[in-house]
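Each remark here refers to the structure printed beneath this line.
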Amino acid sequence: MQGSIEAILDGVWQPDREHLTGCHEEIIRLTRLIQELSTLTNLEWENMALNKTDFDLGELLQITVEQFKAAAHKKGITITLNLIPSPINADYDRLKQVFINLLSNAIKYTDQGTITISVEPSALPSAKNRRISIADTGIGISPEDLPHIFERLYRTDKSRNRNTGGTGIGLAIAAAIVSAHNGTIKAESGSGGTTFQLEL
Ligand SMILES: Nc1ncnc2c1ncn2[C@@H]1O[C@H](COP(=O)(O)OP(=O)(O)OP(=O)(O)O)[C@@H](O)[C@H]1O
Ligand SMILES: [Mg+2]
């Protein structure tokens with residue numbers, strides 16, 4: 001945007017519709033980025049006031065998946081749910097945000113195939129915990145990128161090249177929410193796709 005405006009001020013470019021449209025799109029992108037960074041800052045620094053209620057995690061997953069059915073179908077992706085009854089005391093809206101971020105990634109970075117969402121009892125000693133996994137058959141994440149994906153604004157070259165239009169903040173937000181619930185989130189990836197695993 002800076003380069004474009006300088007070119008217009010220098011008379012190199014005409015302030016015509018094409019060049020102004022480009023600047024306008026950049027302003028929209030920057031505004032979205034600032035909003036997301038501000039959300040993330042609040043999440044991390046406000047000690048995240050959680051609004052906890054009792055609900056079933058499986059139902060939340062089902063409702064969230066519904067929102068993505070059309071987008072998945074368009075790309076030839078099947079979403080499968082393997083659920084067990086999972087009562088939880090947590091912040092419904094915030095956890096929904098986590099699953100929205102993970103599912104939108106799974107769809108964005110998968111061309112066709114399946115997304116499998118499973119809830120099972122955790123292998124960890126705490127009996128209350130449950131393990132949620134979201135596995136896709138997408139482009140995968142290289143071992144060099146994998147340690148960085150939860151950092152804010154980090155995007156792999158693969159996804160930049162695909163021009164998928166993200167800002168690299170979705171996973172940082174997801175990680176902040178999970179950690180506010182004293183949970184963990186991690187990713188494994190290979191040529192067959194990526195699996196995100198949460199302990200909650
Ligand atoms: N399921 C996935 N498969 C392959 N790569 C992924 C997947 N999820 C995340 N990534 C990689 O991790 C990066 C960070 O993900 P994140 O959700 O934080 O950002 P984004 O999707 O690029 O943008 P945003 O979520 O802010 O719109 C992505 O840019 C992508 O390179
Ligand atoms: Mg994302």
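Ordering of the structure tokens sets the chain letters (A, B, ...); residue numbers start at 1 within each chain; ligands are numbered from 1 in the order shown.
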
Please, which residues of range 20-165 of chain A, numbered as in this document, come out helix (DSSP H, G or I) from DSSP, as an mmCIF file with C-alpha atoms, in the first residue's frame?
```
data_model
loop_
_atom_site.group_PDB
_atom_site.id
_atom_site.type_symbol
_atom_site.label_atom_id
_atom_site.label_comp_id
_atom_site.auth_asym_id
_atom_site.auth_seq_id
_atom_site.Cartn_x
_atom_site.Cartn_y
_atom_site.Cartn_z
ATOM 1 C CA LEU A 20 -7.241 2.528 -5.660
ATOM 2 C CA THR A 21 -8.968 -0.874 -5.532
ATOM 3 C CA GLY A 22 -5.630 -2.460 -4.692
ATOM 4 C CA CYS A 23 -5.065 0.046 -1.858
ATOM 5 C CA HIS A 24 -8.616 -0.445 -0.618
ATOM 6 C CA GLU A 25 -8.148 -4.219 -0.412
ATOM 7 C CA GLU A 26 -4.930 -3.710 1.532
ATOM 8 C CA ILE A 27 -6.675 -1.403 4.000
ATOM 9 C CA ILE A 28 -9.366 -4.038 4.581
ATOM 10 C CA ARG A 29 -6.681 -6.677 5.119
ATOM 11 C CA LEU A 30 -4.760 -4.468 7.579
ATOM 12 C CA THR A 31 -7.926 -3.630 9.502
ATOM 13 C CA ARG A 32 -8.712 -7.327 9.866
ATOM 14 C CA LEU A 33 -5.173 -8.035 10.984
ATOM 15 C CA ILE A 34 -5.292 -5.307 13.626
ATOM 16 C CA GLN A 35 -8.633 -6.592 14.921
ATOM 17 C CA GLU A 36 -7.239 -10.099 15.184
ATOM 18 C CA LEU A 37 -4.058 -8.953 16.911
ATOM 19 C CA SER A 38 -6.145 -6.992 19.360
ATOM 20 C CA THR A 39 -8.306 -10.083 20.055
ATOM 21 C CA LEU A 40 -5.172 -12.094 20.664
ATOM 22 C CA THR A 41 -3.664 -9.474 22.976
ATOM 23 C CA ASN A 42 -6.849 -9.388 25.026
ATOM 24 C CA LEU A 43 -6.904 -13.172 25.186
ATOM 25 C CA GLU A 44 -3.332 -13.375 26.400
ATOM 26 C CA TRP A 45 -3.098 -10.395 28.700
ATOM 27 C CA LEU A 57 -18.233 -31.198 23.715
ATOM 28 C CA GLY A 58 -19.563 -33.551 21.036
ATOM 29 C CA GLU A 59 -22.632 -31.366 20.512
ATOM 30 C CA LEU A 60 -20.422 -28.305 20.127
ATOM 31 C CA LEU A 61 -18.331 -30.146 17.544
ATOM 32 C CA GLN A 62 -21.444 -31.248 15.655
ATOM 33 C CA ILE A 63 -22.829 -27.705 15.550
ATOM 34 C CA THR A 64 -19.491 -26.301 14.414
ATOM 35 C CA VAL A 65 -19.073 -28.928 11.697
ATOM 36 C CA GLU A 66 -22.522 -28.007 10.312
ATOM 37 C CA GLN A 67 -21.183 -24.522 9.525
ATOM 38 C CA PHE A 68 -18.434 -26.014 7.389
ATOM 39 C CA LYS A 69 -20.438 -28.698 5.562
ATOM 40 C CA ALA A 70 -21.104 -26.571 2.488
ATOM 41 C CA ALA A 71 -17.492 -25.385 2.133
ATOM 42 C CA ALA A 72 -16.230 -28.956 2.577
ATOM 43 C CA HIS A 73 -18.691 -30.356 0.054
ATOM 44 C CA LYS A 74 -17.622 -27.745 -2.496
ATOM 45 C CA TYR A 92 -18.504 -22.479 24.960
ATOM 46 C CA ASP A 93 -17.906 -19.528 22.645
ATOM 47 C CA ARG A 94 -14.152 -19.591 23.043
ATOM 48 C CA LEU A 95 -13.919 -23.346 22.432
ATOM 49 C CA LYS A 96 -16.149 -22.907 19.410
ATOM 50 C CA GLN A 97 -13.611 -20.359 18.143
ATOM 51 C CA VAL A 98 -10.855 -22.975 18.551
ATOM 52 C CA PHE A 99 -12.762 -25.532 16.477
ATOM 53 C CA ILE A 100 -13.705 -22.934 13.862
ATOM 54 C CA ASN A 101 -10.031 -22.003 13.467
ATOM 55 C CA LEU A 102 -8.919 -25.654 13.225
ATOM 56 C CA LEU A 103 -11.691 -26.657 10.838
ATOM 57 C CA SER A 104 -11.221 -23.666 8.582
ATOM 58 C CA ASN A 105 -7.535 -24.546 8.335
ATOM 59 C CA ALA A 106 -8.285 -28.205 7.642
ATOM 60 C CA ILE A 107 -10.571 -27.199 4.775
ATOM 61 C CA LYS A 108 -8.309 -24.421 3.486
ATOM 62 C CA LEU A 146 5.812 -27.447 12.425
ATOM 63 C CA PRO A 147 7.450 -25.922 15.559
ATOM 64 C CA HIS A 148 6.350 -22.429 14.488
ATOM 65 C CA ASP A 157 5.573 -20.774 2.223
ATOM 66 C CA LYS A 158 3.331 -23.518 0.933
ATOM 67 C CA SER A 159 0.258 -21.685 2.170
ATOM 68 C CA ARG A 160 1.512 -18.281 1.036
ATOM 69 C CA ASN A 161 2.044 -19.663 -2.437
#
```

**OP:** With a distance cut-off of 12 Å and only C-alpha atoms, select the neighbouring residues of Gln197 in chain A, excluding the residue or stretch itself and same-chain residues fewer than 5 positions from it, and output the selection as a PyMOL selection string.
**Re:** chain A and resi 98-99+102+116-120+122+130-136+174-175+178+183-189

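Closest to ligand 1 among A:Ala176, A:Gly192, A:Gly166, A:Leu198 is A:Gly166, based on only C-alpha atoms and all ligand atoms.
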
**OP:** Within 6 Å of ligand 1, which residues show up when you count only C-alpha atoms and all ligand atoms? List them as a ChimeraX atom specification, please.
**Re:** /A:105-106,109,138-141,149,154-156,159,166-172,194

Dump as a PDB file, in the first residue's frame, selection limited to C-alpha atoms:
```pdb
ATOM      1  CA  ASN A 105      -7.535 -24.546   8.335  1.00  0.00           C
ATOM      2  CA  ALA A 106      -8.285 -28.205   7.642  1.00  0.00           C
ATOM      3  CA  TYR A 109      -5.231 -26.665   3.369  1.00  0.00           C
ATOM      4  CA  GLY A 138      -4.270 -32.098   3.173  1.00  0.00           C
ATOM      5  CA  ILE A 139      -0.975 -30.568   2.046  1.00  0.00           C
ATOM      6  CA  GLY A 140       0.754 -31.236   5.363  1.00  0.00           C
ATOM      7  CA  ILE A 141       3.263 -29.088   7.246  1.00  0.00           C
ATOM      8  CA  ILE A 149       2.729 -22.724  13.398  1.00  0.00           C
ATOM      9  CA  TYR A 154       3.515 -17.410  11.014  1.00  0.00           C
ATOM     10  CA  ARG A 155       2.492 -18.880   7.665  1.00  0.00           C
ATOM     11  CA  THR A 156       4.352 -21.535   5.731  1.00  0.00           C
ATOM     12  CA  SER A 159       0.258 -21.685   2.170  1.00  0.00           C
ATOM     13  CA  GLY A 166      -4.990 -15.936   5.884  1.00  0.00           C
ATOM     14  CA  THR A 167      -3.024 -13.784   8.283  1.00  0.00           C
ATOM     15  CA  GLY A 168      -1.373 -16.517  10.342  1.00  0.00           C
ATOM     16  CA  ILE A 169      -3.139 -15.779  13.585  1.00  0.00           C
ATOM     17  CA  GLY A 170      -5.842 -18.461  13.823  1.00  0.00           C
ATOM     18  CA  LEU A 171      -3.626 -21.031  15.541  1.00  0.00           C
ATOM     19  CA  ALA A 172      -2.139 -18.465  17.952  1.00  0.00           C
ATOM     20  CA  THR A 194      -2.064 -33.035   9.438  1.00  0.00           C
TER      21      THR A 194
END
```

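With distances restricted to only C-alpha atoms and all ligand atoms, A:Arg152 is the closest residue to ligand 2 from A:Met1, A:Ile77, A:Gly11, A:Arg152.
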
Original post:
What residues in range 2-196 of chain A get the DSSP label strand (DSSP E)? Please answer as an NGL selection string.
Top reply: :A and (52-56 or 77-82 or 87-91 or 113-121 or 130-136 or 184-190 or 193-196)

**OP:** Work out how far apart CA of Thr195 in chain A and CA of Leu81 in chain A are and give it in Å to one decimal.
**Re:** 14.1 Å

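Between CA of Asn182 in chain A and CA of Pro85 in chain A lies a distance of 20.8 Å.
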
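The nearest approach to ligand 2 among the residues A:Gly76, A:Glu151, A:Gln112, A:Arg17, with only C-alpha atoms and all ligand atoms taken into account, belongs to A:Glu151.
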
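In this structure, CA of Pro143 in chain A sits 12.4 Å away from CA of Gly193 in chain A.
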